[in-house]
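Asker: Before we start, here is the structure in question, set down as structure tokens.
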Amino acid sequence: EGIDIAIRTGPLEDSTLIAKLVGYAEWQVFASQEYVMSHLAVAIPQDIRHHCCLAFSPIGKDAWTLQNGDTSLTIPIDKSIVANDISLITSMTMAGKGIALLPDYQCNTTYSRGDLIRLLPGWYAIKDPIHLVYPRHRYVSPKLRAFINVAEKLLKSALASNNLPT
């Protein structure tokens, strides 16, 4: 396809591409400070049913499955707004329109500023692997090799810091 390298999130299909795992994106439950201050608390996963859930359709539009260690719970979401655009879901969450499952790497800055609050610490929906993928060549150009080395280091560092404090 004329692409030298790509960053792929999620399970990879078998292919002839070289894949370097650089970390994981953990989808966690978030809400805005404004939403948390004006709605019932989310103390246990079952409390999600009492809230407007901003659902990213590939993750789940009728129910969310959350995990904590060996425990897995599927929570039906009755009141929801569904979209297939993660930027829209994030914007609506920031605007206080409900709670959402968002990837931790996308929330680092807003979490640090206190704009988003992680609900249900220890619980997550999915851990998506993130890979650098590139074609298998006999010769990898020095520019591509340098990019791979820098990208791998930066992504590993950024994704390792995604373990948001609870």
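Residues in the structure tokens are numbered from 1 in each chain, the chains being A, B, ... in the order shown, and ligands are numbered from 1 in the order shown.
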Residues of chain A classed as strand (DSSP E) by DSSP on the backbone are to be reported as a count of residues only.

Answerer: 56

Asker: Find the residues near A:Ala55: any atom within 8 Å, counting only C-alpha atoms, skip ones fewer than 4 places away on the same chain, and give them as a ChimeraX atom specification.

Answerer: /A:59-61,80-83,89,100-101

Asker: As an MDAnalysis selection string, please: every residue in chain A that DSSP puts in alpha helix (DSSP H).

Answerer: chainID A and resid 33:38 86:94 104:113 142:160

Asker: Leaving out stretch 141-151 of chain A and any residue of its chain fewer than 4 positions from it, which residues lie within 10 Å of it when counting only C-alpha atoms, given as an MDAnalysis selection string?

Answerer: chainID A and resid 4:5 7 20 22 132:134 137 155:157

Asker: With only C-alpha atoms as the basis for distance, which of A:Trp123, A:Met37, A:Phe30, A:Thr16 is at the shortest distance from A:Leu66?

Answerer: A:Trp123

Asker: Quick one: everything within 10 Å of A:Leu159, counting only C-alpha atoms, minus sequence neighbours fewer than 2 positions away in the same chain. Send it as JSON, numbers by chain.

Answerer: {"A": [22, 23, 24, 25, 26, 104, 105, 108, 130, 154, 155, 156, 157, 161, 162, 163]}

Asker: Write a file of the just-selected residues containing N, CA and C atoms, as a JSON list (two decimals), in the first residue's frame.

Answerer:
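File result_30.json, as written:
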```json
[["chain", "number", "residue", "atom", "x", "y", "z"],
["A", 22, "VAL", "N", 4.49, -2.46, 21.47],
["A", 22, "VAL", "CA", 5.04, -1.31, 22.19],
["A", 22, "VAL", "C", 4.28, -1.02, 23.49],
["A", 23, "GLY", "N", 3.14, -1.67, 23.69],
["A", 23, "GLY", "CA", 2.40, -1.46, 24.92],
["A", 23, "GLY", "C", 0.94, -1.81, 24.76],
["A", 24, "TYR", "N", 0.15, -1.38, 25.74],
["A", 24, "TYR", "CA", -1.28, -1.69, 25.76],
["A", 24, "TYR", "C", -2.09, -0.42, 26.05],
["A", 25, "ALA", "N", -3.25, -0.34, 25.42],
["A", 25, "ALA", "CA", -4.23, 0.71, 25.73],
["A", 25, "ALA", "C", -5.31, 0.05, 26.57],
["A", 26, "GLU", "N", -5.52, 0.57, 27.77],
["A", 26, "GLU", "CA", -6.53, 0.02, 28.65],
["A", 26, "GLU", "C", -7.75, 0.95, 28.62],
["A", 104, "ASP", "N", -6.95, 4.80, 28.10],
["A", 104, "ASP", "CA", -6.18, 5.58, 29.07],
["A", 104, "ASP", "C", -5.18, 6.53, 28.43],
["A", 105, "TYR", "N", -4.53, 6.11, 27.33],
["A", 105, "TYR", "CA", -3.54, 6.99, 26.71],
["A", 105, "TYR", "C", -4.15, 8.29, 26.22],
["A", 108, "ASN", "N", -4.62, 10.90, 29.46],
["A", 108, "ASN", "CA", -3.52, 11.30, 30.35],
["A", 108, "ASN", "C", -3.55, 12.78, 30.72],
["A", 130, "ILE", "N", -0.82, -2.54, 21.30],
["A", 130, "ILE", "CA", -0.44, -1.54, 20.29],
["A", 130, "ILE", "C", 0.91, -1.98, 19.70],
["A", 154, "LEU", "N", 9.60, 5.97, 22.34],
["A", 154, "LEU", "CA", 8.61, 6.96, 22.77],
["A", 154, "LEU", "C", 7.26, 6.33, 23.10],
["A", 155, "LEU", "N", 6.80, 5.41, 22.26],
["A", 155, "LEU", "CA", 5.51, 4.77, 22.51],
["A", 155, "LEU", "C", 5.56, 3.90, 23.77],
["A", 156, "LYS", "N", 6.62, 3.15, 23.95],
["A", 156, "LYS", "CA", 6.74, 2.33, 25.16],
["A", 156, "LYS", "C", 6.70, 3.21, 26.40],
["A", 157, "SER", "N", 7.40, 4.32, 26.36],
["A", 157, "SER", "CA", 7.41, 5.24, 27.49],
["A", 157, "SER", "C", 6.03, 5.84, 27.74],
["A", 161, "SER", "N", 3.29, 4.92, 31.00],
["A", 161, "SER", "CA", 2.81, 5.93, 31.96],
["A", 161, "SER", "C", 1.29, 6.01, 31.97],
["A", 162, "ASN", "N", 0.63, 5.15, 31.21],
["A", 162, "ASN", "CA", -0.83, 5.17, 31.18],
["A", 162, "ASN", "C", -1.47, 4.58, 32.42],
["A", 163, "ASN", "N", -0.71, 3.96, 33.24],
["A", 163, "ASN", "CA", -1.28, 3.42, 34.47],
["A", 163, "ASN", "C", -1.62, 4.59, 35.37]]
```

Asker: For a quick check of understanding, using only C-alpha atoms, which of A:Phe56, A:Tyr124, A:Tyr139, A:Tyr111 has the smallest distance to A:Asp70?

Answerer: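 Answer, going by the shortest atom-to-atom distance: A:Tyr124.
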
Asker: When distances are computed from only C-alpha atoms, which of A:Pro58, A:Arg136, A:Thr71, A:Ser32 shows the smallest separation from A:Ser91?

Answerer: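 Using only C-alpha atoms, the shortest distance to A:Ser91 belongs to A:Ser32.
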
Asker: Between A:Asp115, A:Glu152, A:Asp14, A:Asp47, which has the minimum distance to A:Thr90 (counting only C-alpha atoms)?

Answerer: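 Of all the options, A:Asp115 lies closest to A:Thr90.
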
Asker: Residues near A:Tyr35, anyone? I mean within 12 Å using only C-alpha atoms, not counting same-chain ones fewer than 2 positions away, as number ranges by chain.

Answerer: A: 30-33, 37-42, 51-53, 92-100, 115-119

Asker: Save out the residues we just selected, C-alpha atoms, as a PDB file, in the first residue's frame.

Answerer:
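This is the output file selection_10.pdb:
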```pdb
ATOM      1  CA  PHE A  30     -14.206   8.084  32.879  1.00  0.00           C
ATOM      2  CA  ALA A  31     -16.470  11.054  33.616  1.00  0.00           C
ATOM      3  CA  SER A  32     -15.955  14.786  33.827  1.00  0.00           C
ATOM      4  CA  GLN A  33     -15.538  16.570  37.147  1.00  0.00           C
ATOM      5  CA  MET A  37     -20.333  16.460  41.116  1.00  0.00           C
ATOM      6  CA  SER A  38     -23.938  16.471  39.860  1.00  0.00           C
ATOM      7  CA  HIS A  39     -24.825  12.759  39.614  1.00  0.00           C
ATOM      8  CA  LEU A  40     -25.033   9.665  41.791  1.00  0.00           C
ATOM      9  CA  ALA A  41     -21.712   8.046  42.617  1.00  0.00           C
ATOM     10  CA  VAL A  42     -20.369   5.104  40.625  1.00  0.00           C
ATOM     11  CA  HIS A  51     -26.078   6.745  34.325  1.00  0.00           C
ATOM     12  CA  CYS A  52     -26.069   8.002  30.779  1.00  0.00           C
ATOM     13  CA  CYS A  53     -23.391   5.943  29.067  1.00  0.00           C
ATOM     14  CA  MET A  92     -19.218  14.590  25.175  1.00  0.00           C
ATOM     15  CA  THR A  93     -17.579  13.071  28.259  1.00  0.00           C
ATOM     16  CA  MET A  94     -15.540  16.246  28.793  1.00  0.00           C
ATOM     17  CA  ALA A  95     -18.752  18.292  28.409  1.00  0.00           C
ATOM     18  CA  GLY A  96     -20.396  16.361  31.259  1.00  0.00           C
ATOM     19  CA  LYS A  97     -22.947  14.478  29.152  1.00  0.00           C
ATOM     20  CA  GLY A  98     -22.300  11.065  30.721  1.00  0.00           C
ATOM     21  CA  ILE A  99     -19.729   8.401  31.526  1.00  0.00           C
ATOM     22  CA  ALA A 100     -17.646   6.609  28.911  1.00  0.00           C
ATOM     23  CA  ASP A 115     -10.927  17.542  33.854  1.00  0.00           C
ATOM     24  CA  LEU A 116     -11.659  13.814  33.705  1.00  0.00           C
ATOM     25  CA  ILE A 117     -12.001  11.473  36.641  1.00  0.00           C
ATOM     26  CA  ARG A 118     -11.408   7.753  36.450  1.00  0.00           C
ATOM     27  CA  LEU A 119     -14.341   5.852  37.905  1.00  0.00           C
TER      28      LEU A 119
END
```

Asker: To one decimal place in Å, what is the distance between atom CA of A:Gly122 and atom CA of A:Ser57?

Answerer: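 Atom-to-atom, atom CA of A:Gly122 and atom CA of A:Ser57 are spaced 22.7 Å apart.
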
Asker: Tell me which of A:Ala160, A:Ile44, A:Ala6, A:Leu21 sits closest to A:Gln67, counting only C-alpha atoms.

Answerer: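 Looking only at the distances to A:Gln67, the closest residue turns out to be A:Ile44.
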
Asker: Using only C-alpha atoms, pick whichever of A:Thr9, A:Gln28, A:Asn84, A:Ser15 has the shortest atom-to-atom distance to A:Pro121.

Answerer: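 Nearest candidate to A:Pro121 out of A:Thr9, A:Gln28, A:Asn84, A:Ser15: A:Gln28.
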